[in-house]
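Student: Before anything else, here's the structure in question.
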Amino acid sequence: MTLAGFIPAEVSINAAIAICAIAFVSGTARGFSGFGSALIFMPLASSIAAPRLVAALLLIIDFVAAAPLVPNAWKKADRKATAVMVFGALIGVPIGTYFLSRLDPVTTRWIISGFVFALLLLLVSGWRYRGKDHASISLGIGSLAGFCSGLAQTGGPPIVGYWLGRPIPSVIARANILLFFGASDFFSAVSYAAAGLITADAIKFSLVVGPVYAIGVWFGASLFGRASETLFRAICYALIAAAVIIGLPALDGMLR
């Protein structure tokens with residue numbers, strides 16, 4: 001099978017190259033700072049190809065990349081506290097998936113752009129939840145993150161903002177985050193498959209885009225310690241903001 005055989009029929013070669021470039025940039029952001037991949041990838045890639053395809057594509061790539069990290073996270077995480085959030089994700093993911101599968105692409109893109117912009121503001125604000133740990137709050141944040149993940153694979157900021165603000169060792173906070181997203185990705189995979197979003201096209205395309213994304217993650221990780229994290233995070237924020245603006249459907253006539 002030629003390379004073209006791995007690219008969906010509705011995606012041109014130029015569009016596939018552009019999506020690979022976006023994957024590299026978003027992977028670099030993820031590898032260095034640990035966040036930002038979906039917030040960069042989704043607004044831009046969904047302006048080039050169908051949001052349903054690119055959300056499934058990102059899910060497959062992230063699921064494969066994150067799976068090896070789950071066993072170690074299971075050992076170190078506060079599994080009881082994480083389970084409450086995971087239950088929230090179990091509620092939120094199918095709802096987000098439903099909207100992704102039912103809404104027309106332009107409406108979905110507007111929602112993705114709005115969500116990503118709101119999550120960018122959350123990141124820039126430096127918000128951390130420092131209140132008491134209530135099951136209802138954990139459930140609510142898990143549901144919100146699950147909904148964002150189901151709709152556009154953008155559930156990171158609420159979870160990261162919550163766990164990093166808790167008075168717990170950073171190693172446990174990181175393990176909780178990894179374990180949550182391992183479960184959330186699994187729920188998303190099941191939900192996407194049930195909704196018919198995990199297609200042969202998405203799987204084959206992931207074999208093209210996935211390695212490029214992995215190279216970006218490796219490259220970003222190699223930069224860690226060589227540059228100011230504050231500067232790089234600022235660059236990530238700028239890239240996310242640019243992704244939101246460039247990905248706006250209102251600019252299709254000028255940019256695409």
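Residue numbering restarts at 1 in every chain; chains get A, B, ... in the order shown in the structure tokens, and ligands count up from 1 in that same order.
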Skipping near chain neighbours, those fewer than 4 positions away, what residues fall within 10 Å of stretch 228-238 of chain A using only C-alpha atoms, listed as a list in words?
Tutor: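 So the residues in contact are Val25, Ser26, Thr28, Ala29, Arg30, Phe32, Ser33, Gly34, Phe35, Gly36, Ser37, Leu39, Ile40, Leu120, Leu121, Leu123, Val124, Leu223, Phe224, Ala242, Ala243 and Val244 of chain A.
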Student: Grab the residues selected above and save them as an mmCIF file, in the first residue's frame with C-alpha atoms.
Tutor:
```
data_model
loop_
_atom_site.group_PDB
_atom_site.id
_atom_site.type_symbol
_atom_site.label_atom_id
_atom_site.label_comp_id
_atom_site.auth_asym_id
_atom_site.auth_seq_id
_atom_site.Cartn_x
_atom_site.Cartn_y
_atom_site.Cartn_z
ATOM 1 C CA VAL A 25 4.120 21.423 16.764
ATOM 2 C CA SER A 26 1.496 20.166 19.222
ATOM 3 C CA THR A 28 6.618 19.461 20.784
ATOM 4 C CA ALA A 29 4.461 21.516 23.165
ATOM 5 C CA ARG A 30 3.309 18.334 24.910
ATOM 6 C CA PHE A 32 8.260 20.061 26.765
ATOM 7 C CA SER A 33 5.513 21.430 28.958
ATOM 8 C CA GLY A 34 3.245 18.421 29.431
ATOM 9 C CA PHE A 35 0.161 20.167 28.056
ATOM 10 C CA GLY A 36 -1.236 21.992 25.065
ATOM 11 C CA SER A 37 -1.240 19.305 22.386
ATOM 12 C CA LEU A 39 -5.494 22.802 22.408
ATOM 13 C CA ILE A 40 -3.181 23.433 19.448
ATOM 14 C CA LEU A 120 -6.576 28.882 27.430
ATOM 15 C CA LEU A 121 -7.846 31.619 29.753
ATOM 16 C CA LEU A 123 -4.279 28.120 31.869
ATOM 17 C CA VAL A 124 -3.085 31.714 31.540
ATOM 18 C CA LEU A 223 14.387 20.843 24.902
ATOM 19 C CA PHE A 224 13.353 20.585 28.541
ATOM 20 C CA ALA A 242 -3.038 31.499 17.237
ATOM 21 C CA ALA A 243 -4.645 28.081 16.737
ATOM 22 C CA VAL A 244 -7.971 29.404 18.021
#
```
Student: With the cut-off set at 7 Å and counting only C-alpha atoms, tabulate each residue of stretch 35-109 of chain A with an atom at most that distance from an atom of stretch 184-197 of chain A, showing the nearest atom pair and its distance in Å to one decimal, ordered by chain and increasing number, as a tab-separated table.
Tutor:
```
residue	atom	partner	partner_atom	distance
A:Arg52	CA	A:Leu197	CA	6.4
A:Ala56	CA	A:Leu197	CA	6.3
A:Leu59	CA	A:Asp185	CA	6.9
A:Phe63	CA	A:Asp185	CA	6.1
A:Val86	CA	A:Ser184	CA	6.9
A:Ala89	CA	A:Ser184	CA	6.2
A:Leu90	CA	A:Phe187	CA	6.6
A:Val93	CA	A:Ser188	CA	6.1
A:Pro94	CA	A:Ser191	CA	5.9
A:Thr97	CA	A:Tyr192	CA	6.5
A:Ser101	CA	A:Ala195	CA	6.8
```
Student: Can I get the selection written as a PDB file, in the first residue's frame, with N, CA, C and O atoms?
Tutor:
```
ATOM      1  N   ARG A  52     -14.743  15.222  13.387  1.00  0.00           N
ATOM      2  CA  ARG A  52     -14.903  13.843  13.856  1.00  0.00           C
ATOM      3  C   ARG A  52     -13.649  13.023  13.563  1.00  0.00           C
ATOM      4  O   ARG A  52     -13.220  12.206  14.384  1.00  0.00           O
ATOM      5  N   ALA A  56     -10.903  11.712  16.553  1.00  0.00           N
ATOM      6  CA  ALA A  56     -10.595  10.288  16.642  1.00  0.00           C
ATOM      7  C   ALA A  56      -9.104  10.047  16.421  1.00  0.00           C
ATOM      8  O   ALA A  56      -8.486   9.223  17.103  1.00  0.00           O
ATOM      9  N   LEU A  59      -7.233  11.018  19.545  1.00  0.00           N
ATOM     10  CA  LEU A  59      -7.489  10.033  20.592  1.00  0.00           C
ATOM     11  C   LEU A  59      -6.612   8.797  20.399  1.00  0.00           C
ATOM     12  O   LEU A  59      -5.987   8.310  21.348  1.00  0.00           O
ATOM     13  N   PHE A  63      -3.796   7.800  22.996  1.00  0.00           N
ATOM     14  CA  PHE A  63      -4.053   6.544  23.703  1.00  0.00           C
ATOM     15  C   PHE A  63      -2.827   5.644  23.628  1.00  0.00           C
ATOM     16  O   PHE A  63      -2.392   5.061  24.628  1.00  0.00           O
ATOM     17  N   VAL A  86     -12.831   9.829  37.778  1.00  0.00           N
ATOM     18  CA  VAL A  86     -13.029   8.904  36.661  1.00  0.00           C
ATOM     19  C   VAL A  86     -14.511   8.615  36.480  1.00  0.00           C
ATOM     20  O   VAL A  86     -15.005   8.520  35.342  1.00  0.00           O
ATOM     21  N   ALA A  89     -15.931  11.381  34.586  1.00  0.00           N
ATOM     22  CA  ALA A  89     -15.598  11.264  33.165  1.00  0.00           C
ATOM     23  C   ALA A  89     -16.500  10.257  32.473  1.00  0.00           C
ATOM     24  O   ALA A  89     -16.872  10.433  31.311  1.00  0.00           O
ATOM     25  N   LEU A  90     -16.857   9.205  33.198  1.00  0.00           N
ATOM     26  CA  LEU A  90     -17.745   8.186  32.637  1.00  0.00           C
ATOM     27  C   LEU A  90     -19.101   8.804  32.262  1.00  0.00           C
ATOM     28  O   LEU A  90     -19.760   8.352  31.317  1.00  0.00           O
ATOM     29  N   VAL A  93     -17.934  11.926  29.159  1.00  0.00           N
ATOM     30  CA  VAL A  93     -17.408  11.515  27.848  1.00  0.00           C
ATOM     31  C   VAL A  93     -18.512  11.166  26.848  1.00  0.00           C
ATOM     32  O   VAL A  93     -18.498  11.658  25.705  1.00  0.00           O
ATOM     33  N   PRO A  94     -19.496  10.339  27.214  1.00  0.00           N
ATOM     34  CA  PRO A  94     -20.540  10.009  26.225  1.00  0.00           C
ATOM     35  C   PRO A  94     -21.344  11.228  25.775  1.00  0.00           C
ATOM     36  O   PRO A  94     -21.778  11.292  24.615  1.00  0.00           O
ATOM     37  N   THR A  97     -19.186  13.038  23.288  1.00  0.00           N
ATOM     38  CA  THR A  97     -19.145  12.238  22.063  1.00  0.00           C
ATOM     39  C   THR A  97     -20.438  12.374  21.274  1.00  0.00           C
ATOM     40  O   THR A  97     -20.424  12.451  20.038  1.00  0.00           O
ATOM     41  N   SER A 101     -20.697  13.675  17.404  1.00  0.00           N
ATOM     42  CA  SER A 101     -21.229  12.824  16.340  1.00  0.00           C
ATOM     43  C   SER A 101     -22.479  13.399  15.683  1.00  0.00           C
ATOM     44  O   SER A 101     -22.809  13.039  14.552  1.00  0.00           O
TER      45      SER A 101
END
```
Student: Looking at A:Ala38, A:Leu178, A:Ala23, A:Ala221, which one is nearest to A:Asp78, with distances taken over only C-alpha atoms?
Tutor: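 The shortest atom-to-atom distance to A:Asp78 comes from A:Leu178.
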Student: When DSSP is applied to the backbone of this structure, which of stretch 170-201 of chain A are assigned alpha helix (DSSP H)? Write them out as an MDAnalysis selection string.
Tutor: chainID A and resid 170:194 200:201
Student: Do you know which residues are at most 10 Å from A:Leu53 counting only C-alpha atoms, after dropping those on the same chain fewer than 2 positions away, and could you put them as a list in words?
Tutor: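 So, after excluding close chain neighbours, the residues are Pro8, Ala45, Ser46, Ala49, Ala50, Pro51, Ala55, Ala56, Leu57, Leu58, Leu59, Leu197, Ile198, Thr199, Asp201, Ala202, Ile203 and Phe205 of chain A.
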Student: Near stretch 65-75 of chain A, counting only C-alpha atoms, which residues have an atom at most 10 Å away, once you skip same-chain residues fewer than 2 positions from it, shown as a list in words?
Tutor: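 Near neighbours after the sequence-gap exclusion: Leu59, Ile60, Ile61, Asp62, Phe63, Ala77, Asp78, Arg79, Val171, Ile172, Ala173, Arg174, Ala175, Asn176, Ile177, Leu178, Leu179, Phe180, Phe181, Gly182, Ala183, Asp185, Phe186, Gly210, Tyr213, Ala214 and Val217 of chain A.
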